[in-house]
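What follows is a single structure, written as structure tokens, with notes after it.
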Amino acid sequence: LFKNVNLSYLALSYNSFDGHIHTEIGNLSSLEKFHAYSNKLTGKVPSEIGKLSSTLTELILSENELTGELPQEINSMASLEELSIHQTANKKGGLTGSVPSFSGCKELSIIHLSSNSLSGDLPENFLENSNKLNSRIDVDLSSNKISGRIHSAWDRFQKLDIDLSDNKITQISSSLCKMNAWQDGDVGKYNC
């Protein structure tokens with residue numbers, strides 16, 4: 001499998017695959033979509049996924065038993081459009097560490113990381129180099145352990161649908177309360 005350099009779509013969803021995501025995933029140099037939704041995969045997302053930064057557009061690994069921090073290489077996935085690693089049946093804690101900045105992800109517009117154990121503050125430079133700042137961006141970080149505030153620097157997002165429910169967010173910058181296209185204008189639930 002990992003010698004097939006022409007493979008562009010790897011669909012492994014809704015099986016009972018277990019074990020780790022093999023580090024040789026980085027050898028699939030033409031891979032555009034990797035879907036392994038609803039399996040029994042464990043361990044970390046391997047850093048070798050970063051070798052696919054110029055080709056991978058969809059990384060769908062939700063409803064598995066993945067743990068640990070996302071690799072730093074995820075911040076440089078220039079072609080990535082959708083990242084989904086949410087866990088509704090989170091029995092082992094899920095992903096840990098801080099929310100990545102995704103600062104080098106220029107095309108990323110769907111980020112679903114709910115029901116994990118991500119913690120700390122939201123990065124001020126979140127998606128700072130995105131080509132999608134004027135387009136709708138969908139971010140679900142609900143049911144984590146994120147704390148602190150949403151920084152005023154996030155006003156660069158013109159249309160943001162963000163779910164931060166069931167976290168420990170204490171404040172949203174007052175300038176963000178005027179973002180009429182956020183949440184279809186419903187930013188009031190964040191104590192504006």
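If you're wondering about the labels, chains in the structure tokens are A, B, ... by order shown, residues count from 1 in each chain, ligands from 1 in order shown.
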
* Can you check which residues of region 6-168 of chain A DSSP gives as strand (DSSP E) on the backbone and send them as a PyMOL selection string? => chain A and resi 9-11+18-19+33-35+40-43+58-60+65-66+68-69+82-84+95-96+110-112+119-120+136-140+145-150+159-163+168

For region 105-158 of chain A versus region 70-93 of chain A, which residues have an atom no more than 8 Å away, and what is each residue's nearest atom pair and distance in Å rounded to one decimal, using only C-alpha atoms, chain-then-number order, as a Markdown table?
```
| residue | atom | partner | partner_atom | distance |
| --- | --- | --- | --- | --- |
| A:Cys105 | CA | A:Ala78 | CA | 4.5 |
| A:Lys106 | CA | A:Ala78 | CA | 5.3 |
| A:Glu107 | CA | A:Glu81 | CA | 5.1 |
| A:Leu108 | CA | A:Glu81 | CA | 3.9 |
| A:Ser109 | CA | A:Glu81 | CA | 5.6 |
| A:Ile110 | CA | A:Glu82 | CA | 4.7 |
| A:Ile111 | CA | A:Leu83 | CA | 5.0 |
| A:His112 | CA | A:Ser84 | CA | 4.6 |
| A:Leu113 | CA | A:His86 | CA | 4.5 |
| A:Ser114 | CA | A:His86 | CA | 4.7 |
| A:Ser115 | CA | A:Gln87 | CA | 5.1 |
| A:Asn116 | CA | A:Gly93 | CA | 6.0 |
| A:Ser117 | CA | A:Gly93 | CA | 5.7 |
```

Taking all heavy atoms for each residue, export the selection above as a JSON list (two decimals), in the first residue's frame.
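And here's again34.json as it stands now:
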```json
[["chain", "number", "residue", "atom", "x", "y", "z"],
["A", 105, "CYS", "N", -1.56, 26.85, 6.96],
["A", 105, "CYS", "CA", -2.66, 26.17, 6.25],
["A", 105, "CYS", "C", -3.48, 27.20, 5.49],
["A", 105, "CYS", "O", -4.42, 27.77, 6.04],
["A", 105, "CYS", "CB", -3.52, 25.39, 7.24],
["A", 105, "CYS", "SG", -2.61, 24.12, 8.15],
["A", 106, "LYS", "N", -3.14, 27.43, 4.25],
["A", 106, "LYS", "CA", -3.74, 28.53, 3.49],
["A", 106, "LYS", "C", -5.15, 28.23, 2.99],
["A", 106, "LYS", "O", -5.92, 29.15, 2.73],
["A", 106, "LYS", "CB", -2.84, 28.88, 2.32],
["A", 106, "LYS", "CG", -1.50, 29.38, 2.78],
["A", 106, "LYS", "CD", -0.62, 29.81, 1.64],
["A", 106, "LYS", "CE", 0.67, 30.35, 2.22],
["A", 106, "LYS", "NZ", 1.47, 31.03, 1.25],
["A", 107, "GLU", "N", -5.51, 26.96, 2.85],
["A", 107, "GLU", "CA", -6.81, 26.60, 2.28],
["A", 107, "GLU", "C", -7.78, 26.00, 3.29],
["A", 107, "GLU", "O", -8.92, 25.69, 2.96],
["A", 107, "GLU", "CB", -6.61, 25.59, 1.13],
["A", 107, "GLU", "CG", -5.71, 26.09, 0.02],
["A", 107, "GLU", "CD", -6.18, 27.37, -0.63],
["A", 107, "GLU", "OE1", -7.40, 27.54, -0.79],
["A", 107, "GLU", "OE2", -5.33, 28.22, -0.96],
["A", 108, "LEU", "N", -7.37, 25.85, 4.53],
["A", 108, "LEU", "CA", -8.17, 25.18, 5.56],
["A", 108, "LEU", "C", -9.41, 25.99, 5.91],
["A", 108, "LEU", "O", -9.31, 27.14, 6.33],
["A", 108, "LEU", "CB", -7.31, 24.96, 6.80],
["A", 108, "LEU", "CG", -7.84, 24.05, 7.89],
["A", 108, "LEU", "CD1", -8.16, 22.66, 7.36],
["A", 108, "LEU", "CD2", -6.81, 23.94, 9.03],
["A", 109, "SER", "N", -10.59, 25.39, 5.73],
["A", 109, "SER", "CA", -11.83, 26.10, 6.05],
["A", 109, "SER", "C", -12.78, 25.26, 6.90],
["A", 109, "SER", "O", -13.82, 25.76, 7.32],
["A", 109, "SER", "CB", -12.54, 26.55, 4.78],
["A", 109, "SER", "OG", -12.90, 25.44, 3.99],
["A", 110, "ILE", "N", -12.43, 24.00, 7.18],
["A", 110, "ILE", "CA", -13.22, 23.15, 8.07],
["A", 110, "ILE", "C", -12.28, 22.49, 9.06],
["A", 110, "ILE", "O", -11.36, 21.75, 8.67],
["A", 110, "ILE", "CB", -14.00, 22.07, 7.29],
["A", 110, "ILE", "CG1", -14.96, 22.71, 6.29],
["A", 110, "ILE", "CG2", -14.76, 21.16, 8.26],
["A", 110, "ILE", "CD1", -15.64, 21.71, 5.36],
["A", 111, "ILE", "N", -12.50, 22.79, 10.34],
["A", 111, "ILE", "CA", -11.69, 22.22, 11.42],
["A", 111, "ILE", "C", -12.64, 21.68, 12.48],
["A", 111, "ILE", "O", -13.33, 22.45, 13.14],
["A", 111, "ILE", "CB", -10.76, 23.28, 12.06],
["A", 111, "ILE", "CG1", -9.84, 23.91, 11.02],
["A", 111, "ILE", "CG2", -9.95, 22.66, 13.20],
["A", 111, "ILE", "CD1", -9.11, 25.14, 11.51],
["A", 112, "HIS", "N", -12.69, 20.36, 12.62],
["A", 112, "HIS", "CA", -13.56, 19.73, 13.61],
["A", 112, "HIS", "C", -12.68, 18.93, 14.57],
["A", 112, "HIS", "O", -12.20, 17.85, 14.22],
["A", 112, "HIS", "CB", -14.59, 18.83, 12.95],
["A", 112, "HIS", "CG", -15.61, 19.59, 12.17],
["A", 112, "HIS", "ND1", -16.55, 18.96, 11.39],
["A", 112, "HIS", "CD2", -15.87, 20.91, 12.06],
["A", 112, "HIS", "CE1", -17.34, 19.87, 10.83],
["A", 112, "HIS", "NE2", -16.93, 21.06, 11.21],
["A", 113, "LEU", "N", -12.48, 19.47, 15.76],
["A", 113, "LEU", "CA", -11.66, 18.83, 16.78],
["A", 113, "LEU", "C", -12.41, 18.73, 18.10],
["A", 113, "LEU", "O", -11.81, 18.79, 19.18],
["A", 113, "LEU", "CB", -10.35, 19.62, 16.98],
["A", 113, "LEU", "CG", -9.41, 19.70, 15.77],
["A", 113, "LEU", "CD1", -8.26, 20.66, 16.04],
["A", 113, "LEU", "CD2", -8.88, 18.32, 15.41],
["A", 114, "SER", "N", -13.71, 18.58, 18.06],
["A", 114, "SER", "CA", -14.51, 18.55, 19.28],
["A", 114, "SER", "C", -14.32, 17.26, 20.07],
["A", 114, "SER", "O", -13.86, 16.25, 19.54],
["A", 114, "SER", "CB", -15.99, 18.73, 18.94],
["A", 114, "SER", "OG", -16.44, 17.66, 18.14],
["A", 115, "SER", "N", -14.68, 17.33, 21.35],
["A", 115, "SER", "CA", -14.67, 16.18, 22.26],
["A", 115, "SER", "C", -13.30, 15.52, 22.35],
["A", 115, "SER", "O", -13.16, 14.30, 22.27],
["A", 115, "SER", "CB", -15.73, 15.15, 21.86],
["A", 115, "SER", "OG", -17.01, 15.73, 21.93],
["A", 116, "ASN", "N", -12.29, 16.35, 22.52],
["A", 116, "ASN", "CA", -10.93, 15.89, 22.79],
["A", 116, "ASN", "C", -10.51, 16.49, 24.13],
["A", 116, "ASN", "O", -11.36, 16.84, 24.94],
["A", 116, "ASN", "CB", -10.00, 16.32, 21.65],
["A", 116, "ASN", "CG", -10.12, 15.42, 20.43],
["A", 116, "ASN", "OD1", -9.69, 14.28, 20.45],
["A", 116, "ASN", "ND2", -10.71, 15.93, 19.37],
["A", 117, "SER", "N", -9.23, 16.60, 24.36],
["A", 117, "SER", "CA", -8.72, 17.20, 25.60],
["A", 117, "SER", "C", -7.74, 18.32, 25.29],
["A", 117, "SER", "O", -6.74, 18.51, 25.99],
["A", 117, "SER", "CB", -8.06, 16.13, 26.47],
["A", 117, "SER", "OG", -9.00, 15.18, 26.90]]
```

* To do: Excluding Ser30 (chain A) and any residue of its chain fewer than 4 positions from it, enumerate the residues within 6 Å of it, using only C-alpha atoms, and give them as an MDAnalysis selection string.
  => chainID A and resid 5:8

Can I get the selection written as an mmCIF file, in the first residue's frame, with C-alpha atoms?
```
data_model
loop_
_atom_site.group_PDB
_atom_site.id
_atom_site.type_symbol
_atom_site.label_atom_id
_atom_site.label_comp_id
_atom_site.auth_asym_id
_atom_site.auth_seq_id
_atom_site.Cartn_x
_atom_site.Cartn_y
_atom_site.Cartn_z
ATOM 1 C CA VAL A 5 2.888 6.752 -5.034
ATOM 2 C CA ASN A 6 -0.034 7.328 -7.420
ATOM 3 C CA LEU A 7 -2.720 6.713 -4.779
ATOM 4 C CA SER A 8 -4.805 9.883 -4.402
#
```

Can I get the residues of region 94-171 of chain A within 12 Å of region 40-45 of chain A, each with the closest pair of atoms and their distance in Å to one decimal, using only C-alpha atoms, sorted chain first then ascending number, as JSON lines?
```
{"residue": "A:Gly94", "atom": "CA", "partner": "A:Gly43", "partner_atom": "CA", "distance": 9.4}
{"residue": "A:Leu95", "atom": "CA", "partner": "A:Lys44", "partner_atom": "CA", "distance": 8.1}
{"residue": "A:Thr96", "atom": "CA", "partner": "A:Lys44", "partner_atom": "CA", "distance": 10.0}
{"residue": "A:Gly97", "atom": "CA", "partner": "A:Lys44", "partner_atom": "CA", "distance": 11.9}
```

* Take CA of Asn129 (chain A) and CA of Ile169 (chain A) and report the distance between them in Å, one decimal. =>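 Pair CA of Asn129 (chain A) / CA of Ile169 (chain A) returns 24.1 Å.
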
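Minimum atom-to-atom distance to Tyr9 (chain A), evaluated using only C-alpha atoms, belongs to A:Leu28 out of A:Leu28, A:Met179, A:Ala153, A:Ile21.
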
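Comparing A:Leu127, A:Ile162, A:Leu122, A:Val99 by their smallest distance to Val139 (chain A), the closest is A:Ile162 (using only C-alpha atoms).
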
* Asked: What separation in Å, quoted to one decimal, exists between CA of Pro100 (chain A) and CA of Asp140 (chain A)?
  ->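 Interatomic distance here is 13.3 Å.
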
* Contacts of Asp18 (chain A) at 12 Å (only C-alpha atoms; same-chain gap of 4+ positions) as a list in words -> Leu12, Ser13, Tyr14, His22, Ala36, Tyr37, Ser38, Asn39, Lys40, Leu41, Thr42, Gly43, Asn64, Glu65 and Leu66 of chain A

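As for CA of Asn144 (chain A) and CA of Lys33 (chain A), they are spaced 26.1 Å apart.
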
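With distances restricted to only C-alpha atoms, A:Ser165 is the closest residue to Ser147 (chain A) from A:Thr57, A:Asn125, A:Ser165, A:Asn134.
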